[in-house]
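Data file: input-v6.pdb. Format and content: PDB, C-alpha atoms, pLDDT in the B column.
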```pdb
ATOM      1  CA  MET A   1     -80.297 277.702 199.592  1.00 55.00           C
ATOM      2  CA  SER A   2     -79.789 280.710 201.791  1.00 68.00           C
ATOM      3  CA  ASN A   3     -80.488 282.925 198.752  1.00 78.00           C
ATOM      4  CA  ALA A   4     -83.987 281.510 198.311  1.00 79.00           C
ATOM      5  CA  TYR A   5     -86.888 283.806 199.039  1.00 89.00           C
ATOM      6  CA  ASN A   6     -90.574 282.936 199.026  1.00 94.00           C
ATOM      7  CA  HIS A   7     -92.728 286.014 198.396  1.00 95.00           C
ATOM      8  CA  VAL A   8     -95.714 286.540 196.129  1.00 96.00           C
ATOM      9  CA  THR A   9     -98.014 289.454 195.329  1.00 96.00           C
ATOM     10  CA  VAL A  10    -101.319 288.603 193.686  1.00 95.00           C
ATOM     11  CA  ILE A  11    -104.024 291.036 192.561  1.00 95.00           C
ATOM     12  CA  GLY A  12    -107.492 289.702 191.830  1.00 95.00           C
ATOM     13  CA  ASN A  13    -111.162 289.633 192.730  1.00 96.00           C
ATOM     14  CA  LEU A  14    -112.647 287.575 195.568  1.00 96.00           C
ATOM     15  CA  CYS A  15    -114.585 284.607 194.191  1.00 95.00           C
ATOM     16  CA  ASN A  16    -116.568 283.991 197.369  1.00 95.00           C
ATOM     17  CA  GLU A  17    -117.278 285.501 200.762  1.00 96.00           C
ATOM     18  CA  PRO A  18    -114.325 284.864 203.096  1.00 97.00           C
ATOM     19  CA  GLU A  19    -114.796 281.864 205.405  1.00 97.00           C
ATOM     20  CA  PHE A  20    -113.901 282.948 208.935  1.00 97.00           C
ATOM     21  CA  ALA A  21    -113.048 280.602 211.788  1.00 96.00           C
ATOM     22  CA  THR A  22    -111.280 280.692 215.138  1.00 95.00           C
ATOM     23  CA  THR A  23    -108.854 278.014 216.314  1.00 94.00           C
ATOM     24  CA  GLN A  24    -109.229 276.318 219.690  1.00 95.00           C
ATOM     25  CA  ASN A  25    -106.581 278.736 220.971  1.00 94.00           C
ATOM     26  CA  GLY A  26    -108.641 281.758 219.862  1.00 94.00           C
ATOM     27  CA  ILE A  27    -106.566 282.636 216.772  1.00 96.00           C
ATOM     28  CA  SER A  28    -108.527 284.144 213.874  1.00 96.00           C
ATOM     29  CA  ARG A  29    -108.264 282.482 210.457  1.00 97.00           C
ATOM     30  CA  VAL A  30    -109.944 283.283 207.155  1.00 97.00           C
ATOM     31  CA  ASN A  31    -109.907 281.390 203.854  1.00 97.00           C
ATOM     32  CA  PHE A  32    -110.912 282.759 200.461  1.00 97.00           C
ATOM     33  CA  ARG A  33    -110.135 282.415 196.771  1.00 97.00           C
ATOM     34  CA  ILE A  34    -109.284 285.131 194.297  1.00 97.00           C
ATOM     35  CA  GLY A  35    -109.654 285.012 190.542  1.00 95.00           C
ATOM     36  CA  VAL A  36    -106.696 286.322 188.574  1.00 93.00           C
ATOM     37  CA  GLN A  37    -106.777 286.714 184.807  1.00 89.00           C
ATOM     38  CA  ARG A  38    -103.740 285.702 182.809  1.00 88.00           C
ATOM     39  CA  ARG A  39    -102.132 288.258 180.528  1.00 86.00           C
ATOM     40  CA  PHE A  40    -102.663 286.230 177.374  1.00 85.00           C
ATOM     41  CA  LYS A  41    -105.826 285.024 175.679  1.00 86.00           C
ATOM     42  CA  ASP A  42    -106.588 281.382 174.943  1.00 84.00           C
ATOM     43  CA  LYS A  43    -105.701 280.769 171.284  1.00 86.00           C
ATOM     44  CA  ALA A  44    -108.696 278.511 170.692  1.00 90.00           C
ATOM     45  CA  THR A  45    -111.418 280.689 172.242  1.00 89.00           C
ATOM     46  CA  GLY A  46    -109.861 284.161 172.153  1.00 87.00           C
ATOM     47  CA  GLN A  47    -110.858 284.692 175.792  1.00 88.00           C
ATOM     48  CA  ARG A  48    -108.616 285.377 178.745  1.00 88.00           C
ATOM     49  CA  VAL A  49    -108.054 282.463 181.095  1.00 88.00           C
ATOM     50  CA  ALA A  50    -108.389 282.925 184.851  1.00 90.00           C
ATOM     51  CA  ASP A  51    -106.598 281.154 187.676  1.00 93.00           C
ATOM     52  CA  PHE A  52    -108.288 280.725 191.046  1.00 96.00           C
ATOM     53  CA  ILE A  53    -105.867 281.021 193.944  1.00 96.00           C
ATOM     54  CA  SER A  54    -106.588 279.884 197.501  1.00 97.00           C
ATOM     55  CA  VAL A  55    -105.544 282.272 200.262  1.00 97.00           C
ATOM     56  CA  VAL A  56    -105.380 281.853 204.033  1.00 97.00           C
ATOM     57  CA  ALA A  57    -104.863 284.753 206.458  1.00 97.00           C
ATOM     58  CA  TRP A  58    -104.330 284.697 210.213  1.00 96.00           C
ATOM     59  CA  ARG A  59    -104.811 286.934 213.253  1.00 96.00           C
ATOM     60  CA  ASN A  60    -105.159 290.687 212.519  1.00 96.00           C
ATOM     61  CA  THR A  61    -105.078 290.174 208.760  1.00 96.00           C
ATOM     62  CA  ALA A  62    -107.936 287.672 209.080  1.00 97.00           C
ATOM     63  CA  ASP A  63    -109.905 290.124 211.236  1.00 96.00           C
ATOM     64  CA  PHE A  64    -109.395 292.873 208.633  1.00 95.00           C
ATOM     65  CA  VAL A  65    -110.563 290.614 205.795  1.00 96.00           C
ATOM     66  CA  ARG A  66    -113.598 289.536 207.796  1.00 95.00           C
ATOM     67  CA  GLN A  67    -114.648 293.119 208.396  1.00 95.00           C
ATOM     68  CA  TYR A  68    -113.776 294.902 205.140  1.00 94.00           C
ATOM     69  CA  ILE A  69    -113.347 292.444 202.252  1.00 95.00           C
ATOM     70  CA  HIS A  70    -116.273 290.853 200.411  1.00 96.00           C
ATOM     71  CA  LYS A  71    -117.080 288.759 197.366  1.00 96.00           C
ATOM     72  CA  GLY A  72    -116.159 290.584 194.147  1.00 95.00           C
ATOM     73  CA  ASP A  73    -113.755 293.046 195.801  1.00 96.00           C
ATOM     74  CA  LEU A  74    -110.452 293.719 194.072  1.00 96.00           C
ATOM     75  CA  VAL A  75    -107.645 292.932 196.528  1.00 97.00           C
ATOM     76  CA  VAL A  76    -103.866 292.903 196.688  1.00 96.00           C
ATOM     77  CA  VAL A  77    -102.479 289.916 198.598  1.00 97.00           C
ATOM     78  CA  ASP A  78     -98.850 289.817 199.757  1.00 97.00           C
ATOM     79  CA  GLY A  79     -97.555 286.617 201.293  1.00 97.00           C
ATOM     80  CA  GLU A  80     -95.792 283.312 200.745  1.00 97.00           C
ATOM     81  CA  VAL A  81     -96.716 280.279 198.704  1.00 96.00           C
ATOM     82  CA  GLN A  82     -97.065 277.227 200.898  1.00 96.00           C
ATOM     83  CA  THR A  83     -97.803 273.599 200.150  1.00 95.00           C
ATOM     84  CA  ARG A  84     -99.184 271.110 202.603  1.00 92.00           C
ATOM     85  CA  SER A  85    -100.686 267.668 202.470  1.00 94.00           C
ATOM     86  CA  TYR A  86    -103.319 265.727 204.356  1.00 92.00           C
ATOM     87  CA  GLU A  87    -104.946 262.317 204.260  1.00 94.00           C
ATOM     88  CA  ALA A  88    -108.466 262.348 202.827  1.00 93.00           C
ATOM     89  CA  GLN A  89    -111.297 260.243 204.214  1.00 94.00           C
ATOM     90  CA  ASP A  90    -110.758 257.680 201.453  1.00 95.00           C
ATOM     91  CA  GLY A  91    -107.125 257.230 202.581  1.00 94.00           C
ATOM     92  CA  THR A  92    -105.508 259.050 199.655  1.00 96.00           C
ATOM     93  CA  LYS A  93    -102.932 261.760 200.204  1.00 95.00           C
ATOM     94  CA  ARG A  94    -104.073 265.202 199.019  1.00 94.00           C
ATOM     95  CA  TYR A  95    -101.898 268.240 198.376  1.00 95.00           C
ATOM     96  CA  VAL A  96    -102.889 271.880 198.793  1.00 93.00           C
ATOM     97  CA  THR A  97    -101.031 274.907 197.463  1.00 95.00           C
ATOM     98  CA  GLU A  98    -102.139 278.289 198.800  1.00 96.00           C
ATOM     99  CA  VAL A  99    -100.925 281.767 199.599  1.00 97.00           C
ATOM    100  CA  ASN A 100    -100.316 282.376 203.298  1.00 97.00           C
ATOM    101  CA  ALA A 101    -101.232 286.089 203.370  1.00 97.00           C
ATOM    102  CA  GLU A 102     -99.125 288.498 205.353  1.00 96.00           C
ATOM    103  CA  ASP A 103    -101.114 291.488 204.097  1.00 96.00           C
ATOM    104  CA  VAL A 104    -104.437 291.908 202.300  1.00 96.00           C
ATOM    105  CA  ARG A 105    -105.551 295.318 201.102  1.00 95.00           C
ATOM    106  CA  ARG A 106    -107.768 297.009 198.562  1.00 92.00           C
ATOM    107  CA  PRO A 107    -105.955 299.156 195.988  1.00 89.00           C
ATOM    108  CA  ILE A 108    -106.730 302.846 196.058  1.00 77.00           C
ATOM    109  CA  GLN A 109    -108.852 303.835 193.091  1.00 65.00           C
ATOM    110  CA  LYS A 110    -109.839 307.220 191.782  1.00 60.00           C
ATOM    111  CA  ALA A 111    -113.213 308.346 193.040  1.00 58.00           C
ATOM    112  CA  SER A 112    -116.057 309.053 190.644  1.00 54.00           C
ATOM    113  CA  GLU A 113    -115.894 312.315 188.744  1.00 45.00           C
ATOM    114  CA  GLY A 114    -117.108 315.270 190.784  1.00 44.00           C
ATOM    115  CA  THR A 115    -116.779 313.741 194.252  1.00 43.00           C
ATOM    116  CA  GLY A 116    -113.279 315.000 194.935  1.00 43.00           C
ATOM    117  CA  ASN A 117    -112.735 312.198 197.469  1.00 41.00           C
ATOM    118  CA  ARG A 118    -110.342 309.302 197.314  1.00 39.00           C
ATOM    119  CA  GLU A 119    -111.750 306.027 198.486  1.00 42.00           C
ATOM    120  CA  GLN A 120    -110.781 302.405 198.743  1.00 44.00           C
ATOM    121  CA  GLY A 121    -111.519 300.163 195.784  1.00 40.00           C
ATOM    122  CA  THR A 122    -115.070 298.982 195.327  1.00 37.00           C
ATOM    123  CA  GLY A 123    -114.273 295.609 193.840  1.00 37.00           C
ATOM    124  CA  MET A 124    -114.387 296.858 190.266  1.00 38.00           C
ATOM    125  CA  ALA A 125    -111.170 296.620 188.272  1.00 42.00           C
ATOM    126  CA  GLY A 126    -109.950 300.192 188.165  1.00 44.00           C
ATOM    127  CA  GLU A 127    -106.852 302.253 187.781  1.00 44.00           C
ATOM    128  CA  PHE A 128    -104.174 302.624 190.396  1.00 45.00           C
ATOM    129  CA  GLU A 129    -103.680 306.164 191.532  1.00 50.00           C
ATOM    130  CA  GLU A 130    -100.490 307.854 190.380  1.00 50.00           C
ATOM    131  CA  VAL A 131     -98.626 309.708 193.091  1.00 48.00           C
ATOM    132  CA  ASP A 132     -96.398 312.645 192.183  1.00 55.00           C
ATOM    133  CA  ASP A 133     -94.149 312.989 195.225  1.00 53.00           C
ATOM    134  CA  PRO A 134     -90.440 313.899 194.862  1.00 55.00           C
ATOM    135  CA  GLU A 135     -89.687 312.115 198.174  1.00 54.00           C
ATOM    136  CA  ILE A 136     -90.611 308.719 196.716  1.00 49.00           C
ATOM    137  CA  PRO A 137     -87.496 307.251 195.057  1.00 48.00           C
ATOM    138  CA  PHE A 138     -89.280 305.420 192.212  1.00 41.00           C
TER     139      PHE A 138
END
```

Reformat the file's structure so that it appears as structure tokens.
Amino acid sequence: MSNAYNHVTVIGNLCNEPEFATTQNGISRVNFRIGVQRRFKDKATGQRVADFISVVAWRNTADFVRQYIHKGDLVVVDGEVQTRSYEAQDGTKRYVTEVNAEDVRRPIQKASEGTGNREQGTGMAGEFEEVDDPEIPF
């Protein structure tokens, strides 16, 4: 399986304020969930279905999230999917699937008309900025 590669990019809105903690060794950790709408609507209701994805970030990425990312913000999360298990208090084995974030950022959105400034996303679903640069190969 040397050709296997575990990488995921997820774009969605934070469902809750990030939960920040520090390990006993002083390493920063933050947990949060993002809501991501599926592309297709539910046939029965006609509404789009959302998935809620758990994310964990460590060290500098956790510090960045703690300082700049808040409930409702639109974020781009790059990382790996990881699964782990633990024994619950009732003795049953529980499984957790989450994204271990390598990078969390807010997409650049166009500023309001008339401001002339570019700013980081404000948590509202917006457009990605198009870049017209002949040096970029795509």

Can you give me, as a ChimeraX atom specification, the residues this file yields under the PyMOL selection byres ((chain A and resi 97) around 12)?
-> /A:33,52-56,80-86,94-96,98-100

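Across A:Asn60, A:Pro18, A:Thr23, A:Thr9, the tightest approach to Val36 of chain A is made by A:Thr9 when counting only C-alpha atoms.
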
Name every residue that the PyMOL selection byres ((chain A and resi 28) around 9) selects in this structure, writing the answer as a list in words with chains first and numbers rising.
->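 Evaluating the PyMOL selection byres ((chain A and resi 28) around 9) on these coordinates yields Phe20, Ala21, Thr22, Thr23, Gly26, Ile27, Arg29, Val30, Ala57, Trp58, Arg59, Asn60, Thr61, Ala62 and Asp63 of chain A.
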
From the list A:Asn6, A:Glu17, A:Ala101, A:Arg66, which residue is nearest Asp78 of chain A when using only C-alpha atoms?
-> A:Ala101

Calculate how many Å separate atom CA of Glu102 of chain A from atom CA of Ala4 of chain A, rounding to one decimal.
->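 Between these atoms lies a distance of 18.1 Å.
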
One-decimal distance in Å that lies between atom CA of Asp42 of chain A and atom CA of Asn13 of chain A |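 Separation of atom CA of Asn13 of chain A and atom CA of Asp42 of chain A: 20.1 Å.
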
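Among the candidates A:Ile11, A:Pro107, A:Arg38, A:Asn3, the residue lying nearest to Gly79 of chain A is A:Ile11 (atoms considered: only C-alpha atoms).
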
Kindly give the distance, in Å, that separates atom CA of Leu74 of chain A and atom CA of Ile34 of chain A, rounded to a single decimal.
->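 Between atom CA of Leu74 of chain A and atom CA of Ile34 of chain A the gap is 8.7 Å.
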
So which one's closest to Asn31 of chain A, A:Val104, A:Val49, A:Val10, A:Ala88? Using only C-alpha atoms, please.
-> A:Val104

Centre and edges of the segment 28-38 of chain A box, axis-aligned, 3 Å extra per side, as lines of an AutoDock Vina configuration file:
```
center_x = -107.3
center_y = 284.1
center_z = 198.3
size_x = 13.2
size_y = 11.3
size_z = 37.1
```

Residue nearest Asp103 of chain A - candidates A:Asp90, A:Lys41, A:Val65, A:Asp73, atoms counted: all atoms listed in the file =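 Of A:Asp90, A:Lys41, A:Val65, A:Asp73, the one nearest Asp103 of chain A is A:Val65, counting all atoms listed in the file.
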
Judged by only C-alpha atoms, the minimum distance to Asn16 of chain A among A:Thr45, A:Ala50, A:Thr92, A:Ile69 is found for A:Ile69
